[in-house]
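Chemist: Structure supplied as coords_34.cif; contents: mmCIF, C-alpha atoms and all ligand atoms; chains and numbers go by the auth columns.
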data_input
#
loop_
_atom_site.group_PDB
_atom_site.id
_atom_site.type_symbol
_atom_site.label_atom_id
_atom_site.label_comp_id
_atom_site.label_asym_id
_atom_site.label_seq_id
_atom_site.Cartn_x
_atom_site.Cartn_y
_atom_site.Cartn_z
_atom_site.B_iso_or_equiv
_atom_site.auth_seq_id
_atom_site.auth_asym_id
ATOM 1 C CA MET A 1 75.912 16.305 68.874 0.00 5 A
ATOM 2 C CA ASP A 2 74.792 14.059 71.739 0.00 6 A
ATOM 3 C CA LEU A 3 74.036 16.398 74.621 0.00 7 A
ATOM 4 C CA TYR A 4 73.292 15.740 78.274 0.00 8 A
ATOM 5 C CA PHE A 5 70.883 18.386 79.545 0.00 9 A
ATOM 6 C CA SER A 6 71.056 18.523 83.330 0.00 10 A
ATOM 7 C CA CYS A 7 68.377 20.212 85.451 0.00 11 A
ATOM 8 C CA SER A 8 66.823 20.070 88.876 0.00 12 A
ATOM 9 C CA LEU A 9 64.235 17.412 89.718 0.00 13 A
ATOM 10 C CA THR A 10 64.257 16.828 93.460 0.00 14 A
ATOM 11 C CA GLY A 11 65.780 20.265 93.983 0.00 15 A
ATOM 12 C CA GLY A 12 62.564 21.910 92.731 0.00 16 A
ATOM 13 C CA ARG A 13 60.686 22.142 89.437 0.00 17 A
ATOM 14 C CA GLN A 14 59.795 25.853 89.330 0.00 18 A
ATOM 15 C CA ASP A 15 62.088 26.385 86.312 0.00 19 A
ATOM 16 C CA GLN A 16 60.626 23.496 84.293 0.00 20 A
ATOM 17 C CA PRO A 17 59.204 25.765 81.540 0.00 21 A
ATOM 18 C CA VAL A 18 62.708 27.192 81.016 0.00 22 A
ATOM 19 C CA TYR A 19 64.186 23.675 80.791 0.00 23 A
ATOM 20 C CA ALA A 20 61.561 22.714 78.208 0.00 24 A
ATOM 21 C CA ALA A 21 62.304 25.775 76.062 0.00 25 A
ATOM 22 C CA LEU A 22 66.084 25.230 76.228 0.00 26 A
ATOM 23 C CA VAL A 23 65.780 21.558 75.266 0.00 27 A
ATOM 24 C CA ALA A 24 63.376 22.404 72.425 0.00 28 A
ATOM 25 C CA HIS A 25 65.902 24.913 71.101 0.00 29 A
ATOM 26 C CA LEU A 26 68.763 22.379 71.231 0.00 30 A
ATOM 27 C CA GLN A 27 66.614 19.869 69.361 0.00 31 A
ATOM 28 C CA ALA A 28 65.636 22.507 66.779 0.00 32 A
ATOM 29 C CA LEU A 29 69.365 23.042 66.177 0.00 33 A
ATOM 30 C CA GLY A 30 69.570 19.349 65.307 0.00 34 A
ATOM 31 C CA HIS A 31 71.154 18.017 68.498 0.00 35 A
ATOM 32 C CA HIS A 32 70.224 14.761 70.201 0.00 36 A
ATOM 33 C CA VAL A 33 69.349 15.505 73.814 0.00 37 A
ATOM 34 C CA LEU A 34 69.847 12.243 75.726 0.00 38 A
ATOM 35 C CA THR A 35 67.926 13.554 78.732 0.00 39 A
ATOM 36 C CA ALA A 36 65.125 15.394 76.915 0.00 40 A
ATOM 37 C CA HIS A 37 62.517 13.769 79.175 0.00 41 A
ATOM 38 C CA LEU A 38 63.930 15.646 82.197 0.00 42 A
ATOM 39 C CA ALA A 39 62.555 18.874 80.749 0.00 43 A
ATOM 40 C CA ASP A 40 58.998 17.492 80.537 0.00 44 A
ATOM 41 C CA GLU A 41 56.368 18.471 83.047 0.00 45 A
ATOM 42 C CA ALA A 42 56.025 14.749 83.799 0.00 46 A
ATOM 43 C CA ALA A 43 59.746 14.062 84.379 0.00 47 A
ATOM 44 C CA MET A 44 59.333 13.142 88.036 0.00 48 A
ATOM 45 C CA ALA A 45 56.620 10.693 87.104 0.00 49 A
ATOM 46 C CA SER A 46 58.478 9.209 84.137 0.00 50 A
ATOM 47 C CA ASP A 47 61.576 8.355 86.206 0.00 51 A
ATOM 48 C CA GLY A 48 59.488 7.726 89.306 0.00 52 A
ATOM 49 C CA GLY A 49 59.206 4.012 88.605 0.00 53 A
ATOM 50 C CA MET A 50 62.985 3.555 88.371 0.00 54 A
ATOM 51 C CA SER A 51 65.176 2.589 91.299 0.00 55 A
ATOM 52 C CA ALA A 52 67.853 5.032 92.440 0.00 56 A
ATOM 53 C CA GLU A 53 70.513 2.554 91.273 0.00 57 A
ATOM 54 C CA ALA A 54 68.993 2.361 87.781 0.00 58 A
ATOM 55 C CA VAL A 55 68.835 6.169 87.503 0.00 59 A
ATOM 56 C CA TYR A 56 72.467 6.444 88.619 0.00 60 A
ATOM 57 C CA GLU A 57 73.680 3.771 86.170 0.00 61 A
ATOM 58 C CA ARG A 58 71.686 5.190 83.247 0.00 62 A
ATOM 59 C CA ASP A 59 72.664 8.805 83.864 0.00 63 A
ATOM 60 C CA THR A 60 76.369 8.196 84.464 0.00 64 A
ATOM 61 C CA ALA A 61 76.466 6.091 81.266 0.00 65 A
ATOM 62 C CA TRP A 62 74.813 8.956 79.369 0.00 66 A
ATOM 63 C CA VAL A 63 77.325 11.454 80.785 0.00 67 A
ATOM 64 C CA LYS A 64 80.166 9.169 79.609 0.00 68 A
ATOM 65 C CA ASP A 65 78.547 8.904 76.174 0.00 69 A
ATOM 66 C CA CYS A 66 77.717 12.581 75.647 0.00 70 A
ATOM 67 C CA ASP A 67 79.710 15.105 73.646 0.00 71 A
ATOM 68 C CA ALA A 68 78.907 17.890 76.105 0.00 72 A
ATOM 69 C CA LEU A 69 76.764 18.641 79.150 0.00 73 A
ATOM 70 C CA ILE A 70 74.578 21.720 79.538 0.00 74 A
ATOM 71 C CA ALA A 71 73.231 22.391 83.029 0.00 75 A
ATOM 72 C CA GLU A 72 70.566 24.901 84.013 0.00 76 A
ATOM 73 C CA VAL A 73 71.609 25.697 87.591 0.00 77 A
ATOM 74 C CA SER A 74 69.199 28.446 88.677 0.00 78 A
ATOM 75 C CA THR A 75 67.521 25.954 91.052 0.00 79 A
ATOM 76 C CA PRO A 76 70.119 24.233 93.280 0.00 80 A
ATOM 77 C CA SER A 77 70.176 20.429 92.907 0.00 81 A
ATOM 78 C CA HIS A 78 72.398 17.680 94.340 0.00 82 A
ATOM 79 C CA GLY A 79 72.079 15.618 91.169 0.00 83 A
ATOM 80 C CA VAL A 80 73.007 18.483 88.837 0.00 84 A
ATOM 81 C CA GLY A 81 76.101 19.323 90.907 0.00 85 A
ATOM 82 C CA PHE A 82 77.151 15.687 90.833 0.00 86 A
ATOM 83 C CA GLU A 83 76.624 15.397 87.080 0.00 87 A
ATOM 84 C CA ILE A 84 78.710 18.517 86.413 0.00 88 A
ATOM 85 C CA ALA A 85 81.641 17.153 88.434 0.00 89 A
ATOM 86 C CA TYR A 86 81.291 13.707 86.874 0.00 90 A
ATOM 87 C CA ALA A 87 81.336 15.164 83.350 0.00 91 A
ATOM 88 C CA LEU A 88 84.323 17.424 84.029 0.00 92 A
ATOM 89 C CA ASP A 89 86.336 14.572 85.516 0.00 93 A
ATOM 90 C CA ARG A 90 85.730 12.617 82.324 0.00 94 A
ATOM 91 C CA GLY A 91 86.830 15.472 80.097 0.00 95 A
ATOM 92 C CA ARG A 92 83.369 16.429 78.836 0.00 96 A
ATOM 93 C CA PRO A 93 82.810 20.130 78.068 0.00 97 A
ATOM 94 C CA VAL A 94 80.301 21.675 80.473 0.00 98 A
ATOM 95 C CA LEU A 95 78.172 24.818 80.247 0.00 99 A
ATOM 96 C CA CYS A 96 76.337 26.051 83.346 0.00 100 A
ATOM 97 C CA LEU A 97 73.547 28.550 82.787 0.00 101 A
ATOM 98 C CA ALA A 98 71.881 30.583 85.521 0.00 102 A
ATOM 99 C CA ARG A 99 69.242 33.261 85.441 0.00 103 A
ATOM 100 C CA GLU A 100 70.712 36.659 86.257 0.00 104 A
ATOM 101 C CA GLY A 101 70.379 37.506 89.942 0.00 105 A
ATOM 102 C CA VAL A 102 70.040 33.967 91.369 0.00 106 A
ATOM 103 C CA ARG A 103 72.584 32.798 93.930 0.00 107 A
ATOM 104 C CA VAL A 104 74.821 30.003 92.689 0.00 108 A
ATOM 105 C CA SER A 105 77.272 27.928 94.728 0.00 109 A
ATOM 106 C CA LYS A 106 80.898 29.040 94.663 0.00 110 A
ATOM 107 C CA MET A 107 81.674 25.376 93.904 0.00 111 A
ATOM 108 C CA LEU A 108 80.339 26.146 90.423 0.00 112 A
ATOM 109 C CA THR A 109 81.225 29.811 89.950 0.00 113 A
ATOM 110 C CA GLY A 110 84.780 29.079 91.139 0.00 114 A
ATOM 111 C CA ILE A 111 85.570 26.408 88.532 0.00 115 A
ATOM 112 C CA ARG A 112 88.517 27.371 86.310 0.00 116 A
ATOM 113 C CA ARG A 113 89.055 24.345 84.096 0.00 117 A
ATOM 114 C CA SER A 114 89.394 24.100 80.365 0.00 118 A
ATOM 115 C CA GLY A 115 86.160 23.015 78.758 0.00 119 A
ATOM 116 C CA PHE A 116 84.053 24.667 81.465 0.00 120 A
ATOM 117 C CA MET A 117 81.883 27.741 80.876 0.00 121 A
ATOM 118 C CA PHE A 118 79.542 29.531 83.275 0.00 122 A
ATOM 119 C CA GLY A 119 77.053 32.087 81.985 0.00 123 A
ATOM 120 C CA THR A 120 74.100 34.057 83.239 0.00 124 A
ATOM 121 C CA TYR A 121 71.134 35.173 81.157 0.00 125 A
ATOM 122 C CA ALA A 122 68.494 37.846 81.503 0.00 126 A
ATOM 123 C CA THR A 123 66.337 36.712 78.594 0.00 127 A
ATOM 124 C CA PHE A 124 65.638 33.464 76.811 0.00 128 A
ATOM 125 C CA GLU A 125 67.369 34.889 73.712 0.00 129 A
ATOM 126 C CA GLU A 126 70.513 35.387 75.777 0.00 130 A
ATOM 127 C CA ALA A 127 70.347 31.833 77.120 0.00 131 A
ATOM 128 C CA LYS A 128 70.061 30.520 73.545 0.00 132 A
ATOM 129 C CA SER A 129 73.056 32.604 72.428 0.00 133 A
ATOM 130 C CA ARG A 130 75.161 31.300 75.301 0.00 134 A
ATOM 131 C CA MET A 131 74.330 27.705 74.389 0.00 135 A
ATOM 132 C CA GLU A 132 75.117 28.308 70.727 0.00 136 A
ATOM 133 C CA ALA A 133 78.443 29.994 71.542 0.00 137 A
ATOM 134 C CA PHE A 134 79.369 27.088 73.822 0.00 138 A
ATOM 135 C CA LEU A 135 78.505 24.476 71.200 0.00 139 A
ATOM 136 C CA ALA A 136 80.454 26.352 68.545 0.00 140 A
ATOM 137 C CA ALA A 137 83.546 26.699 70.757 0.00 141 A
ATOM 138 C CA LYS A 138 86.717 25.047 69.513 0.00 142 A
ATOM 139 C CA ALA A 139 86.774 22.728 72.510 0.00 143 A
ATOM 140 C CA LEU A 140 83.843 20.885 70.947 0.00 144 A
HETATM 141 O O1 LIG B . 64.496 10.658 88.881 0.00 1 B
HETATM 142 C C1 LIG B . 65.569 11.200 88.588 0.00 1 B
HETATM 143 N N1 LIG B . 66.104 11.038 87.337 0.00 1 B
HETATM 144 C C2 LIG B . 67.263 11.649 86.952 0.00 1 B
HETATM 145 O O2 LIG B . 67.691 11.457 85.811 0.00 1 B
HETATM 146 N N2 LIG B . 67.926 12.477 87.852 0.00 1 B
HETATM 147 C C3 LIG B . 69.173 13.162 87.433 0.00 1 B
HETATM 148 C C4 LIG B . 69.028 14.005 86.200 0.00 1 B
HETATM 149 C C5 LIG B . 69.016 15.444 86.662 0.00 1 B
HETATM 150 O O3 LIG B . 69.917 16.206 85.845 0.00 1 B
HETATM 151 C C6 LIG B . 69.476 15.384 88.101 0.00 1 B
HETATM 152 C C7 LIG B . 68.515 16.041 89.068 0.00 1 B
HETATM 153 O O4 LIG B . 68.939 15.804 90.376 0.00 1 B
HETATM 154 P P1 LIG B . 68.004 16.134 91.653 0.00 1 B
HETATM 155 O O5 LIG B . 66.926 15.105 91.681 0.00 1 B
HETATM 156 O O6 LIG B . 68.969 16.001 92.834 0.00 1 B
HETATM 157 O O7 LIG B . 67.467 17.534 91.492 0.00 1 B
HETATM 158 O O8 LIG B . 69.628 14.019 88.448 0.00 1 B
HETATM 159 C C8 LIG B . 67.443 12.648 89.126 0.00 1 B
HETATM 160 C C9 LIG B . 66.286 12.030 89.525 0.00 1 B
HETATM 161 C C10 LIG B . 65.699 12.223 90.889 0.00 1 B
HETATM 162 O O9 LIG B . 66.702 12.411 91.847 0.00 1 B
#
Kindly return the structure encoded in the file as structure tokens.
Ligand SMILES: O=c1[nH]c(=O)n([C@H]2C[C@H](O)[C@@H](COP(=O)(O)O)O2)cc1CO
Modeler:
Amino acid sequence: MDLYFSCSLTGGRQDQPVYAALVAHLQALGHHVLTAHLADEAAMASDGGMSAEAVYERDTAWVKDCDALIAEVSTPSHGVGFEIAYALDRGRPVLCLAREGVRVSKMLTGIRRSGFMFGTYATFEEAKSRMEAFLAAKAL
């Protein structure tokens, strides 16, 4: 499956090791992660040379092309929120994952639309299970 992995950049990079582990797991399952570079330690630097317009055009094209979007939302991010809404409005299935205990906007926890799942995780194993259950869901 072609997957869009969405995670905070400007919003803060403290969860970057989690992003890297989640992306590595998706790739190990055989999925193509269009945005794998966002999980790298050097993501800010790798996109740093691109204009805002180029990032917007590239990322919205990837969202249109993906089979599903998985967002790690423990760190609040304007871009991640935008990408979630953009994907849902184009009928793409969306999974939002948050570490147990973090505060998440009601604009995400309040979504009741088909194809949308929100899950919390206490351990990395639990995060992996939630992703696998989402990808196996009939909607996909
Ligand atoms: O350089 C970038 N490259 C890029 O692809 N993005 C996209 C992908 C991420 O899922 C999301 C992060 O948004 P933010 O920078 O507001 O945290 O936006 C965001 C930036 C920086 O805003």
Chemist: I'd like the contact shell of region 102-114 of chain A - 8 Å cut-off, all atoms listed in the file, skipping same-chain residues fewer than 6 positions apart - returned as number ranges by chain.
Modeler: A: 76-78, 80, 122-126
Chemist: Could you jot down the CA of Gln18 (chain A) to CA of Glu129 (chain A) separation for me, Å, one decimal place?
Modeler: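 Between these atoms lies a distance of 19.6 Å.
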Chemist: So which residues are near ligand LIG 1 (chain B), meaning at most 9 Å away with only C-alpha atoms and all ligand atoms counted, given back as a ChimeraX atom specification?
Modeler: /A:8-17,39,41-42,47-56,59-60,62-63,75-76,79-87
Chemist: Using all atoms listed in the file, which residue out of A:Tyr23, A:Ala46, A:Leu7, A:Leu101 lies closest to Ser133 (chain A)?
Modeler: A:Leu101
Chemist: Using the file's own x, y and z axes, so that the box edges lie along x, y and z, what centre and edge lengths in Å (one decimal) does a box around every listed atom of region 70-73 of chain A get when 6 Å is added on each side? Give it as lines of an AutoDock Vina configuration file.
Modeler:
center_x = 78.2
center_y = 15.6
center_z = 76.4
size_x = 14.9
size_y = 18.1
size_z = 17.5
Chemist: Show me, as number ranges by chain, the residues that have an atom within 8 Å of Gln20 (chain A) when counting only C-alpha atoms, minus same-chain residues fewer than 5 positions from it.
Modeler: A: 43-45
